[in-house]
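File shown here: my_file_15.pdb, holding PDB, C-alpha atoms.
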```pdb
ATOM      1  CA  MET A  81       4.178  32.968   2.088
ATOM      2  CA  LEU A  82       5.676  29.504   2.644
ATOM      3  CA  VAL A  83       4.401  29.440   6.223
ATOM      4  CA  PHE A  84       0.926  30.359   4.996
ATOM      5  CA  VAL A  85       0.957  27.529   2.425
ATOM      6  CA  VAL A  86       2.155  25.037   5.045
ATOM      7  CA  CYS A  87      -0.628  26.131   7.400
ATOM      8  CA  ILE A  88      -3.234  25.732   4.654
ATOM      9  CA  ILE A  89      -1.953  22.254   3.770
ATOM     10  CA  SER A  90      -1.887  21.275   7.440
ATOM     11  CA  GLN A  91      -5.461  22.502   7.897
ATOM     12  CA  MET A  92      -6.585  20.572   4.818
ATOM     13  CA  LEU A  93      -4.928  17.399   6.090
ATOM     14  CA  ASN A  94      -6.548  17.786   9.496
ATOM     15  CA  THR A  95      -9.922  18.281   7.822
ATOM     16  CA  MET A  96      -9.361  15.212   5.647
ATOM     17  CA  ILE A  97      -8.326  13.076   8.629
ATOM     18  CA  THR A  98     -11.370  14.220  10.583
ATOM     19  CA  TRP A  99     -13.567  13.325   7.618
ATOM     20  CA  LEU A 100     -11.934   9.920   7.320
ATOM     21  CA  VAL A 101     -12.442   9.149  11.016
ATOM     22  CA  GLU A 102     -16.087  10.186  10.751
ATOM     23  CA  THR A 103     -16.512   8.184   7.526
ATOM     24  CA  ILE A 104     -14.957   5.055   8.989
ATOM     25  CA  GLY A 105     -16.958   5.513  12.164
ATOM     26  CA  SER A 106     -20.237   5.920  10.309
ATOM     27  CA  LEU A 107     -19.701   3.296   7.596
ATOM     28  CA  GLY A 108     -17.773   0.893   9.810
ATOM     29  CA  TYR A 109     -15.881  -1.947   8.194
ATOM     30  CA  PRO A 110     -17.297  -1.309   4.683
ATOM     31  CA  GLY A 111     -15.798   2.181   4.983
ATOM     32  CA  ILE A 112     -12.368   0.681   5.649
ATOM     33  CA  VAL A 113     -12.715  -1.635   2.649
ATOM     34  CA  MET A 114     -13.811   1.216   0.385
ATOM     35  CA  LEU A 115     -11.080   3.639   1.451
ATOM     36  CA  MET A 116      -8.289   1.054   1.384
ATOM     37  CA  ALA A 117      -9.397  -0.133  -2.051
ATOM     38  CA  LEU A 118      -9.088   3.450  -3.279
ATOM     39  CA  GLU A 119      -5.719   3.830  -1.542
ATOM     40  CA  SER A 120      -4.439   0.682  -3.199
ATOM     41  CA  SER A 121      -5.612   1.478  -6.719
ATOM     42  CA  PHE A 122      -6.100   4.595  -8.799
ATOM     43  CA  PHE A 123      -6.504   7.167  -6.010
ATOM     44  CA  PRO A 124      -3.379   6.789  -3.876
ATOM     45  CA  PHE A 125      -3.250   8.498  -0.496
ATOM     46  CA  PRO A 126      -1.465   7.451   2.696
ATOM     47  CA  SER A 127      -2.934   4.312   4.244
ATOM     48  CA  GLU A 128      -1.998   5.869   7.576
ATOM     49  CA  VAL A 129      -5.016   8.172   7.382
ATOM     50  CA  VAL A 130      -7.326   5.166   7.205
ATOM     51  CA  MET A 131      -5.864   2.459   9.416
ATOM     52  CA  ILE A 132      -4.559   4.637  12.239
ATOM     53  CA  PRO A 133      -8.024   6.162  12.829
ATOM     54  CA  ALA A 134      -9.471   2.630  12.609
ATOM     55  CA  GLY A 135      -7.060   1.515  15.324
ATOM     56  CA  TYR A 136      -8.030   4.508  17.410
ATOM     57  CA  LEU A 137     -11.714   3.644  17.081
ATOM     58  CA  ALA A 138     -10.859   0.101  18.157
ATOM     59  CA  SER A 139      -9.168   1.440  21.289
ATOM     60  CA  LYS A 140     -12.442   3.197  22.137
ATOM     61  CA  GLY A 141     -14.384  -0.004  21.707
ATOM     62  CA  GLU A 142     -16.146   1.224  18.566
ATOM     63  CA  MET A 143     -14.434  -1.373  16.367
ATOM     64  CA  ASN A 144     -12.751  -4.735  16.666
ATOM     65  CA  LEU A 145      -9.007  -4.385  16.030
ATOM     66  CA  VAL A 146      -8.648  -7.740  14.264
ATOM     67  CA  PHE A 147     -11.659  -7.129  12.044
ATOM     68  CA  ALA A 148     -10.376  -3.641  11.187
ATOM     69  CA  ILE A 149      -7.073  -5.134  10.036
ATOM     70  CA  LEU A 150      -8.734  -7.928   8.065
ATOM     71  CA  PHE A 151     -11.087  -5.546   6.280
ATOM     72  CA  GLY A 152      -8.140  -3.250   5.600
ATOM     73  CA  VAL A 153      -6.347  -6.167   3.943
ATOM     74  CA  LEU A 154      -9.475  -6.979   1.943
ATOM     75  CA  GLY A 155      -9.699  -3.400   0.666
ATOM     76  CA  SER A 156      -5.996  -3.374  -0.238
ATOM     77  CA  LEU A 157      -6.362  -6.635  -2.130
ATOM     78  CA  LEU A 158      -9.401  -5.390  -4.066
ATOM     79  CA  GLY A 159      -7.561  -2.227  -5.102
ATOM     80  CA  ALA A 160      -4.482  -4.235  -6.071
ATOM     81  CA  LEU A 161      -6.581  -6.633  -8.144
ATOM     82  CA  PHE A 162      -8.135  -3.679  -9.955
ATOM     83  CA  ASN A 163      -4.677  -2.496 -11.039
ATOM     84  CA  TYR A 164      -3.634  -6.072 -11.813
ATOM     85  CA  TYR A 165      -6.487  -6.598 -14.274
ATOM     86  CA  LEU A 166      -6.123  -3.085 -15.650
ATOM     87  CA  ALA A 167      -2.507  -3.888 -16.508
ATOM     88  CA  ILE A 168      -3.568  -7.116 -18.227
ATOM     89  CA  LYS A 169      -6.208  -5.404 -20.338
ATOM     90  CA  LEU A 170      -4.627  -2.039 -21.101
ATOM     91  CA  GLY A 171      -1.142  -1.890 -19.620
ATOM     92  CA  ARG A 172       1.173  -3.529 -22.114
ATOM     93  CA  PRO A 173      -0.187  -1.937 -25.327
ATOM     94  CA  ALA A 174      -0.090   1.481 -23.674
ATOM     95  CA  LEU A 175       3.443   1.003 -22.348
ATOM     96  CA  VAL A 176       4.693  -0.329 -25.664
ATOM     97  CA  LYS A 177       3.142   2.649 -27.456
ATOM     98  CA  TRP A 178       4.175   5.381 -25.051
ATOM     99  CA  GLY A 179       7.080   3.867 -23.157
ATOM    100  CA  LYS A 180       9.698   4.900 -25.717
ATOM    101  CA  HIS A 181       8.883   8.544 -24.952
ATOM    102  CA  PHE A 182       9.797   7.924 -21.310
ATOM    103  CA  PHE A 183      12.983   5.925 -21.974
ATOM    104  CA  ILE A 184      11.200   2.556 -21.651
ATOM    105  CA  PRO A 185      11.625   0.822 -25.020
ATOM    106  CA  GLU A 186       9.816  -2.428 -25.693
ATOM    107  CA  ASP A 187      12.917  -4.595 -25.204
ATOM    108  CA  LYS A 188      13.420  -3.233 -21.674
ATOM    109  CA  LEU A 189       9.738  -3.694 -20.932
ATOM    110  CA  ILE A 190       9.962  -7.343 -21.981
ATOM    111  CA  LYS A 191      13.079  -7.773 -19.836
ATOM    112  CA  ALA A 192      11.230  -6.301 -16.835
ATOM    113  CA  GLU A 193       8.299  -8.659 -17.385
ATOM    114  CA  THR A 194      10.648 -11.645 -17.585
ATOM    115  CA  SER A 195      12.408 -10.584 -14.391
ATOM    116  CA  PHE A 196       9.087 -10.224 -12.563
ATOM    117  CA  LYS A 197       8.131 -13.736 -13.630
ATOM    118  CA  LYS A 198      11.241 -15.018 -11.819
ATOM    119  CA  HIS A 199      11.013 -12.817  -8.738
ATOM    120  CA  GLY A 200       7.329 -11.895  -8.670
ATOM    121  CA  GLU A 201       6.590 -13.236  -5.199
ATOM    122  CA  ILE A 202       9.300 -11.309  -3.352
ATOM    123  CA  SER A 203       8.646  -8.201  -5.472
ATOM    124  CA  THR A 204       4.935  -8.250  -4.659
ATOM    125  CA  PHE A 205       5.502  -8.877  -0.946
ATOM    126  CA  VAL A 206       8.167  -6.206  -0.494
ATOM    127  CA  GLY A 207       6.340  -3.788  -2.761
ATOM    128  CA  ARG A 208       3.288  -3.832  -0.505
ATOM    129  CA  LEU A 209       5.466  -2.654   2.396
ATOM    130  CA  ILE A 210       7.006   0.356   0.659
ATOM    131  CA  PRO A 211       5.134   3.692   0.456
ATOM    132  CA  VAL A 212       4.136   4.818  -3.067
ATOM    133  CA  LEU A 213       5.435   1.578  -4.598
ATOM    134  CA  ARG A 214       2.600  -0.387  -2.988
ATOM    135  CA  GLN A 215       0.070   1.317  -5.261
ATOM    136  CA  TYR A 216       1.931   0.437  -8.444
ATOM    137  CA  ILE A 217       3.484  -2.979  -7.847
ATOM    138  CA  SER A 218       0.300  -4.545  -9.240
ATOM    139  CA  PHE A 219       1.047  -3.299 -12.761
ATOM    140  CA  PRO A 220       4.169  -5.398 -13.454
ATOM    141  CA  ALA A 221       2.405  -8.336 -11.801
ATOM    142  CA  GLY A 222      -0.442  -7.987 -14.274
ATOM    143  CA  LEU A 223       1.862  -7.414 -17.237
ATOM    144  CA  SER A 224       3.826 -10.583 -16.444
ATOM    145  CA  ARG A 225       0.612 -12.570 -15.896
ATOM    146  CA  MET A 226       1.703 -13.577 -12.407
ATOM    147  CA  SER A 227      -0.467 -16.328 -10.922
ATOM    148  CA  ILE A 228      -3.546 -14.664  -9.440
ATOM    149  CA  ALA A 229      -3.374 -16.999  -6.437
ATOM    150  CA  LYS A 230       0.246 -16.106  -5.704
ATOM    151  CA  PHE A 231      -0.379 -12.438  -6.347
ATOM    152  CA  SER A 232      -3.346 -12.388  -3.978
ATOM    153  CA  ALA A 233      -1.488 -14.337  -1.292
ATOM    154  CA  TRP A 234       1.670 -12.206  -1.275
ATOM    155  CA  THR A 235      -0.324  -8.991  -1.591
ATOM    156  CA  SER A 236      -2.456  -9.977   1.411
ATOM    157  CA  ILE A 237       0.559 -10.967   3.520
ATOM    158  CA  GLY A 238       2.415  -7.730   2.797
ATOM    159  CA  ALA A 239      -0.679  -5.589   3.241
ATOM    160  CA  GLY A 240      -1.597  -7.461   6.435
ATOM    161  CA  ILE A 241       1.732  -6.652   8.070
ATOM    162  CA  TRP A 242       1.429  -2.954   7.227
ATOM    163  CA  MET A 243      -2.248  -2.775   8.233
ATOM    164  CA  ALA A 244      -1.427  -4.374  11.593
ATOM    165  CA  ILE A 245       1.392  -1.898  12.278
ATOM    166  CA  LEU A 246      -0.744   1.143  11.457
ATOM    167  CA  ALA A 247      -3.759  -0.116  13.387
ATOM    168  CA  ALA A 248      -1.521  -0.820  16.380
ATOM    169  CA  ILE A 249      -0.208   2.756  16.274
ATOM    170  CA  GLY A 250      -3.753   4.090  16.255
ATOM    171  CA  TYR A 251      -4.771   1.723  19.032
ATOM    172  CA  CYS A 252      -1.864   2.696  21.295
ATOM    173  CA  VAL A 253      -1.397   6.439  20.677
ATOM    174  CA  GLY A 254      -4.326   7.458  18.474
ATOM    175  CA  GLU A 255      -5.258  10.421  20.668
ATOM    176  CA  ASN A 256      -1.767  11.925  20.546
ATOM    177  CA  GLU A 257      -1.113  13.392  17.086
ATOM    178  CA  GLU A 258       2.549  14.085  17.879
ATOM    179  CA  LEU A 259       3.203  10.477  18.881
ATOM    180  CA  VAL A 260       1.229   9.215  15.897
ATOM    181  CA  ALA A 261       3.511  11.198  13.575
ATOM    182  CA  GLN A 262       6.655  10.008  15.375
ATOM    183  CA  TRP A 263       5.643   6.361  15.422
ATOM    184  CA  SER A 264       4.493   6.487  11.787
ATOM    185  CA  HIS A 265       7.828   7.900  10.619
ATOM    186  CA  LYS A 266       9.733   5.322  12.639
ATOM    187  CA  ALA A 267       7.541   2.536  11.234
ATOM    188  CA  ILE A 268       8.255   3.647   7.668
ATOM    189  CA  PHE A 269      12.005   3.893   8.367
ATOM    190  CA  TRP A 270      12.243   0.454   9.929
ATOM    191  CA  MET A 271      10.028  -1.074   7.279
ATOM    192  CA  LEU A 272      12.296   0.240   4.532
ATOM    193  CA  ALA A 273      15.342  -1.094   6.390
ATOM    194  CA  ILE A 274      13.710  -4.503   6.826
ATOM    195  CA  CYS A 275      12.697  -4.604   3.158
ATOM    196  CA  ILE A 276      16.269  -3.883   2.090
ATOM    197  CA  GLY A 277      17.463  -6.681   4.366
ATOM    198  CA  ILE A 278      14.884  -9.108   2.962
ATOM    199  CA  VAL A 279      15.865  -8.299  -0.614
ATOM    200  CA  LEU A 280      19.585  -8.710   0.113
ATOM    201  CA  VAL A 281      19.035 -12.075   1.798
ATOM    202  CA  TYR A 282      16.772 -13.196  -1.047
ATOM    203  CA  LEU A 283      19.320 -12.202  -3.686
ATOM    204  CA  LYS A 284      22.098 -13.974  -1.803
ATOM    205  CA  ILE A 285      20.087 -17.186  -1.497
ATOM    206  CA  HIS A 286      18.931 -16.958  -5.119
ATOM    207  CA  LYS A 287      22.482 -16.367  -6.340
ATOM    208  CA  SER A 288      23.838 -19.314  -4.358
ATOM    209  CA  ASN A 289      21.236 -21.567  -5.976
TER     210      ASN A 289
END
```
Show the structure stored in the file as structure tokens.
Amino acid sequence: MLVFVVCIISQMLNTMITWLVETIGSLGYPGIVMLMALESSFFPFPSEVVMIPAGYLASKGEMNLVFAILFGVLGSLLGALFNYYLAIKLGRPALVKWGKHFFIPEDKLIKAETSFKKHGEISTFVGRLIPVLRQYISFPAGLSRMSIAKFSAWTSIGAGIWMAILAAIGYCVGENEELVAQWSHKAIFWMLAICIGIVLVYLKIHKSN
């Protein structure tokens, strides 16, 4: 039964990836913006299934690699800004009302907002590099009213690094699904390790000051 379920899921993923490649290929750069905006906001799915196919299309001469990355960053920023403004308008009242039911009382929420005001830049940058967290890092940024200029800048830098890595994987080994999976897993592992290192260095410097 488990094998059957795995096969079904695998088939669905392959179908989805094929659809994404065809969508990106037919819509071009607007397709990348649209899909990455969705990925970065309320409909999270792996950015790998967008940017790796885009890199592959670039290797075939059907796209420009630099433009694919830039439009990927634009889409990520738009999705992040959506969550940012959603948090400003609806986030805090909802969290204050419902947070106590999920062990997040108002005093802890206020403490988290205060902490983000002090370390918002590094949190936003690192958050964009970590799977799952990248979709939700915009909420505390919005709740703490982080400067929109700083938020946009650090979001774009973090997203740009990740977009470039994924597009490069697609460009180099896009035709080999096994290598794509291997390189993607290694990229996630090393990115997490680098993020931990960045945070430790930041905390050490911040503590010494």
Next item on the list: Write out as a list in words the residues lying within 7 Å of Gly200 in chain A, counting all atoms listed in the file and excluding same-chain residues fewer than 3 positions away.
Entry: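 My reading of the contact set: Phe196, Lys197, Ser203, Thr204, Ala221 and Met226 of chain A.
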Notebook entry, point to check: What does the distance from CA of His265 in chain A to CA of Glu142 in chain A come to in Å, to one decimal?
Noted result: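 CA of Glu142 in chain A lies 26.1 Å from CA of His265 in chain A.
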Margin query: Would you pick out the contacts of range 253-257 of chain A at 8 Å or less, using only C-alpha atoms, so that residues sharing its chain but fewer than 2 positions from it are not included, and give the list as number ranges by chain?
Written below: A: 132-133, 135-136, 249-251, 259-261
Check: Selected by the PyMOL selection byres ((chain A and resi 242) around 10) in the shown coordinates: which residues, as a list of chain:residue names?
Finding: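 Against this file, the PyMOL selection byres ((chain A and resi 242) around 10) returns the residues A:Ser127, A:Glu128, A:Met131, A:Ile149, A:Gly152, A:Val153, A:Arg208, A:Leu209, A:Ile210, A:Ser236, A:Ile237, A:Gly238, A:Ala239, A:Gly240, A:Ile241, A:Met243, A:Ala244, A:Ile245, A:Leu246, A:Ala247, A:Ala248, A:Ala267, A:Ile268, A:Met271.
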Next item on the list: Report the residues retrieved by the PyMOL selection byres ((chain A and resi 157-171) around 7) from the displayed file, expressed as a ChimeraX atom specification.
Entry: /A:117-118,120-121,153-156,172-175,218-219,221-223,232,235-236
Next item on the list: Tell me which of A:Ala138, A:Val129, A:Pro211, A:Phe151 sits closest to Ile112 in chain A, counting only C-alpha atoms.
Entry: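 Closest to Ile112 in chain A, using only C-alpha atoms: A:Phe151.
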Notebook entry, point to check: So what do you get for CA of Val212 in chain A versus CA of Met143 in chain A, distance-wise?
Noted result: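 Here the two named atoms are 27.6 Å from each other.
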Next item on the list: Rank nothing, just name the residue among A:Leu137, A:Gly207, A:Tyr109, A:Ile276 nearest to Leu150 in chain A, using only C-alpha atoms.
Entry: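 Selected residue with least distance to Leu150 in chain A: A:Tyr109.
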Next item on the list: Quick one: pull the distance between CA of Tyr282 in chain A and CA of Glu119 in chain A, Å, one decimal.
Entry: 28.2 Å
Item checked: Top pick for closest residue to Lys140 in chain A, considering A:Glu201, A:Ile217, A:Cys252, A:Gly111 and counting all atoms listed in the file ->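 Between A:Glu201, A:Ile217, A:Cys252, A:Gly111, the residue approaching Lys140 in chain A most closely is A:Cys252.
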Extract range 105-151 of chain A from the preceding block and save N, CA and C atoms as a PDB file, in the first residue's frame.
```
ATOM      1  N   GLY A 105       7.601  27.849 -19.973  1.00  0.00           N
ATOM      2  CA  GLY A 105       8.007  27.954 -21.366  1.00  0.00           C
ATOM      3  C   GLY A 105       7.030  28.746 -22.205  1.00  0.00           C
ATOM      4  N   SER A 106       5.731  28.589 -21.905  1.00  0.00           N
ATOM      5  CA  SER A 106       4.721  29.282 -22.705  1.00  0.00           C
ATOM      6  C   SER A 106       4.514  30.729 -22.257  1.00  0.00           C
ATOM      7  N   LEU A 107       4.565  30.970 -20.947  1.00  0.00           N
ATOM      8  CA  LEU A 107       4.351  32.320 -20.432  1.00  0.00           C
ATOM      9  C   LEU A 107       5.652  33.113 -20.321  1.00  0.00           C
ATOM     10  N   GLY A 108       6.777  32.403 -20.340  1.00  0.00           N
ATOM     11  CA  GLY A 108       8.063  33.085 -20.265  1.00  0.00           C
ATOM     12  C   GLY A 108       8.315  33.694 -18.900  1.00  0.00           C
ATOM     13  N   TYR A 109       8.926  34.860 -18.897  1.00  0.00           N
ATOM     14  CA  TYR A 109       9.302  35.508 -17.646  1.00  0.00           C
ATOM     15  C   TYR A 109       8.102  35.874 -16.769  1.00  0.00           C
ATOM     16  N   PRO A 110       6.970  36.326 -17.364  1.00  0.00           N
ATOM     17  CA  PRO A 110       5.790  36.562 -16.508  1.00  0.00           C
ATOM     18  C   PRO A 110       5.352  35.306 -15.763  1.00  0.00           C
ATOM     19  N   GLY A 111       5.553  34.133 -16.377  1.00  0.00           N
ATOM     20  CA  GLY A 111       5.213  32.880 -15.715  1.00  0.00           C
ATOM     21  C   GLY A 111       6.076  32.650 -14.488  1.00  0.00           C
ATOM     22  N   ILE A 112       7.367  32.991 -14.597  1.00  0.00           N
ATOM     23  CA  ILE A 112       8.263  32.860 -13.447  1.00  0.00           C
ATOM     24  C   ILE A 112       7.821  33.785 -12.335  1.00  0.00           C
ATOM     25  N   VAL A 113       7.503  35.040 -12.684  1.00  0.00           N
ATOM     26  CA  VAL A 113       7.064  36.010 -11.679  1.00  0.00           C
ATOM     27  C   VAL A 113       5.804  35.512 -10.980  1.00  0.00           C
ATOM     28  N   MET A 114       4.835  35.047 -11.759  1.00  0.00           N
ATOM     29  CA  MET A 114       3.569  34.591 -11.199  1.00  0.00           C
ATOM     30  C   MET A 114       3.767  33.412 -10.255  1.00  0.00           C
ATOM     31  N   LEU A 115       4.508  32.402 -10.700  1.00  0.00           N
ATOM     32  CA  LEU A 115       4.697  31.197  -9.905  1.00  0.00           C
ATOM     33  C   LEU A 115       5.526  31.464  -8.658  1.00  0.00           C
ATOM     34  N   MET A 116       6.560  32.289  -8.772  1.00  0.00           N
ATOM     35  CA  MET A 116       7.389  32.588  -7.605  1.00  0.00           C
ATOM     36  C   MET A 116       6.655  33.480  -6.611  1.00  0.00           C
ATOM     37  N   ALA A 117       5.760  34.328  -7.107  1.00  0.00           N
ATOM     38  CA  ALA A 117       4.945  35.132  -6.194  1.00  0.00           C
ATOM     39  C   ALA A 117       4.019  34.228  -5.384  1.00  0.00           C
ATOM     40  N   LEU A 118       3.442  33.228  -6.046  1.00  0.00           N
ATOM     41  CA  LEU A 118       2.606  32.262  -5.337  1.00  0.00           C
ATOM     42  C   LEU A 118       3.433  31.470  -4.329  1.00  0.00           C
ATOM     43  N   GLU A 119       4.612  31.035  -4.759  1.00  0.00           N
ATOM     44  CA  GLU A 119       5.497  30.246  -3.889  1.00  0.00           C
ATOM     45  C   GLU A 119       5.890  31.020  -2.645  1.00  0.00           C
ATOM     46  N   SER A 120       6.014  32.321  -2.788  1.00  0.00           N
ATOM     47  CA  SER A 120       6.511  33.156  -1.699  1.00  0.00           C
ATOM     48  C   SER A 120       5.403  33.686  -0.796  1.00  0.00           C
ATOM     49  N   SER A 121       4.149  33.414  -1.159  1.00  0.00           N
ATOM     50  CA  SER A 121       3.055  33.994  -0.376  1.00  0.00           C
ATOM     51  C   SER A 121       2.150  32.933   0.220  1.00  0.00           C
ATOM     52  N   PHE A 122       0.906  32.905  -0.226  1.00  0.00           N
ATOM     53  CA  PHE A 122      -0.098  32.078   0.439  1.00  0.00           C
ATOM     54  C   PHE A 122      -0.214  30.664  -0.115  1.00  0.00           C
ATOM     55  N   PHE A 123       0.512  30.347  -1.186  1.00  0.00           N
ATOM     56  CA  PHE A 123       0.422  29.018  -1.779  1.00  0.00           C
ATOM     57  C   PHE A 123       1.828  28.419  -1.893  1.00  0.00           C
ATOM     58  N   PRO A 124       2.412  28.073  -0.733  1.00  0.00           N
ATOM     59  CA  PRO A 124       3.803  27.623  -0.738  1.00  0.00           C
ATOM     60  C   PRO A 124       4.000  26.269  -1.406  1.00  0.00           C
ATOM     61  N   PHE A 125       4.943  26.216  -2.323  1.00  0.00           N
ATOM     62  CA  PHE A 125       5.426  24.958  -2.888  1.00  0.00           C
ATOM     63  C   PHE A 125       6.911  25.168  -3.182  1.00  0.00           C
ATOM     64  N   PRO A 126       7.660  24.103  -3.377  1.00  0.00           N
ATOM     65  CA  PRO A 126       9.110  24.248  -3.519  1.00  0.00           C
ATOM     66  C   PRO A 126       9.494  25.143  -4.692  1.00  0.00           C
ATOM     67  N   SER A 127      10.346  26.118  -4.422  1.00  0.00           N
ATOM     68  CA  SER A 127      10.823  27.003  -5.491  1.00  0.00           C
ATOM     69  C   SER A 127      11.676  26.235  -6.496  1.00  0.00           C
ATOM     70  N   GLU A 128      12.138  25.052  -6.074  1.00  0.00           N
ATOM     71  CA  GLU A 128      12.930  24.221  -6.985  1.00  0.00           C
ATOM     72  C   GLU A 128      12.161  23.861  -8.246  1.00  0.00           C
ATOM     73  N   VAL A 129      10.840  23.680  -8.123  1.00  0.00           N
ATOM     74  CA  VAL A 129      10.062  23.239  -9.279  1.00  0.00           C
ATOM     75  C   VAL A 129       9.774  24.380 -10.247  1.00  0.00           C
ATOM     76  N   VAL A 130      10.199  25.582  -9.889  1.00  0.00           N
ATOM     77  CA  VAL A 130      10.053  26.720 -10.794  1.00  0.00           C
ATOM     78  C   VAL A 130      11.408  27.114 -11.378  1.00  0.00           C
ATOM     79  N   MET A 131      12.378  27.342 -10.512  1.00  0.00           N
ATOM     80  CA  MET A 131      13.647  27.908 -10.966  1.00  0.00           C
ATOM     81  C   MET A 131      14.556  26.889 -11.634  1.00  0.00           C
ATOM     82  N   ILE A 132      14.498  25.640 -11.214  1.00  0.00           N
ATOM     83  CA  ILE A 132      15.317  24.624 -11.880  1.00  0.00           C
ATOM     84  C   ILE A 132      14.863  24.416 -13.322  1.00  0.00           C
ATOM     85  N   PRO A 133      13.542  24.278 -13.583  1.00  0.00           N
ATOM     86  CA  PRO A 133      13.105  24.220 -14.983  1.00  0.00           C
ATOM     87  C   PRO A 133      13.463  25.478 -15.766  1.00  0.00           C
ATOM     88  N   ALA A 134      13.410  26.655 -15.107  1.00  0.00           N
ATOM     89  CA  ALA A 134      13.787  27.896 -15.785  1.00  0.00           C
ATOM     90  C   ALA A 134      15.254  27.860 -16.190  1.00  0.00           C
ATOM     91  N   GLY A 135      16.101  27.342 -15.299  1.00  0.00           N
ATOM     92  CA  GLY A 135      17.517  27.197 -15.628  1.00  0.00           C
ATOM     93  C   GLY A 135      17.735  26.227 -16.764  1.00  0.00           C
ATOM     94  N   TYR A 136      16.943  25.167 -16.771  1.00  0.00           N
ATOM     95  CA  TYR A 136      17.042  24.181 -17.849  1.00  0.00           C
ATOM     96  C   TYR A 136      16.656  24.800 -19.188  1.00  0.00           C
ATOM     97  N   LEU A 137      15.585  25.591 -19.187  1.00  0.00           N
ATOM     98  CA  LEU A 137      15.178  26.267 -20.418  1.00  0.00           C
ATOM     99  C   LEU A 137      16.249  27.254 -20.889  1.00  0.00           C
ATOM    100  N   ALA A 138      16.947  27.864 -19.933  1.00  0.00           N
ATOM    101  CA  ALA A 138      18.036  28.768 -20.289  1.00  0.00           C
ATOM    102  C   ALA A 138      19.186  28.016 -20.947  1.00  0.00           C
ATOM    103  N   SER A 139      19.438  26.803 -20.473  1.00  0.00           N
ATOM    104  CA  SER A 139      20.522  25.998 -21.066  1.00  0.00           C
ATOM    105  C   SER A 139      20.201  25.611 -22.503  1.00  0.00           C
ATOM    106  N   LYS A 140      18.916  25.581 -22.843  1.00  0.00           N
ATOM    107  CA  LYS A 140      18.487  25.241 -24.199  1.00  0.00           C
ATOM    108  C   LYS A 140      18.368  26.477 -25.080  1.00  0.00           C
ATOM    109  N   GLY A 141      18.672  27.623 -24.494  1.00  0.00           N
ATOM    110  CA  GLY A 141      18.597  28.856 -25.261  1.00  0.00           C
ATOM    111  C   GLY A 141      17.207  29.446 -25.361  1.00  0.00           C
ATOM    112  N   GLU A 142      16.255  28.901 -24.595  1.00  0.00           N
ATOM    113  CA  GLU A 142      14.878  29.381 -24.651  1.00  0.00           C
ATOM    114  C   GLU A 142      14.627  30.511 -23.656  1.00  0.00           C
ATOM    115  N   MET A 143      15.584  30.750 -22.773  1.00  0.00           N
ATOM    116  CA  MET A 143      15.502  31.839 -21.809  1.00  0.00           C
ATOM    117  C   MET A 143      16.893  32.388 -21.569  1.00  0.00           C
ATOM    118  N   ASN A 144      16.939  33.586 -20.999  1.00  0.00           N
ATOM    119  CA  ASN A 144      18.194  34.162 -20.555  1.00  0.00           C
ATOM    120  C   ASN A 144      18.349  33.865 -19.070  1.00  0.00           C
ATOM    121  N   LEU A 145      19.477  33.275 -18.676  1.00  0.00           N
ATOM    122  CA  LEU A 145      19.661  32.829 -17.298  1.00  0.00           C
ATOM    123  C   LEU A 145      19.563  33.999 -16.315  1.00  0.00           C
ATOM    124  N   VAL A 146      20.202  35.101 -16.632  1.00  0.00           N
ATOM    125  CA  VAL A 146      20.187  36.262 -15.733  1.00  0.00           C
ATOM    126  C   VAL A 146      18.777  36.816 -15.585  1.00  0.00           C
ATOM    127  N   PHE A 147      18.074  36.939 -16.698  1.00  0.00           N
ATOM    128  CA  PHE A 147      16.702  37.441 -16.642  1.00  0.00           C
ATOM    129  C   PHE A 147      15.803  36.498 -15.847  1.00  0.00           C
ATOM    130  N   ALA A 148      16.001  35.189 -16.014  1.00  0.00           N
ATOM    131  CA  ALA A 148      15.202  34.212 -15.273  1.00  0.00           C
ATOM    132  C   ALA A 148      15.389  34.400 -13.777  1.00  0.00           C
ATOM    133  N   ILE A 149      16.633  34.613 -13.356  1.00  0.00           N
ATOM    134  CA  ILE A 149      16.921  34.824 -11.935  1.00  0.00           C
ATOM    135  C   ILE A 149      16.292  36.126 -11.446  1.00  0.00           C
ATOM    136  N   LEU A 150      16.466  37.194 -12.217  1.00  0.00           N
ATOM    137  CA  LEU A 150      15.930  38.493 -11.813  1.00  0.00           C
ATOM    138  C   LEU A 150      14.407  38.475 -11.695  1.00  0.00           C
ATOM    139  N   PHE A 151      13.749  37.821 -12.653  1.00  0.00           N
ATOM    140  CA  PHE A 151      12.290  37.745 -12.580  1.00  0.00           C
ATOM    141  C   PHE A 151      11.848  36.811 -11.453  1.00  0.00           C
TER     142      PHE A 151
END
```
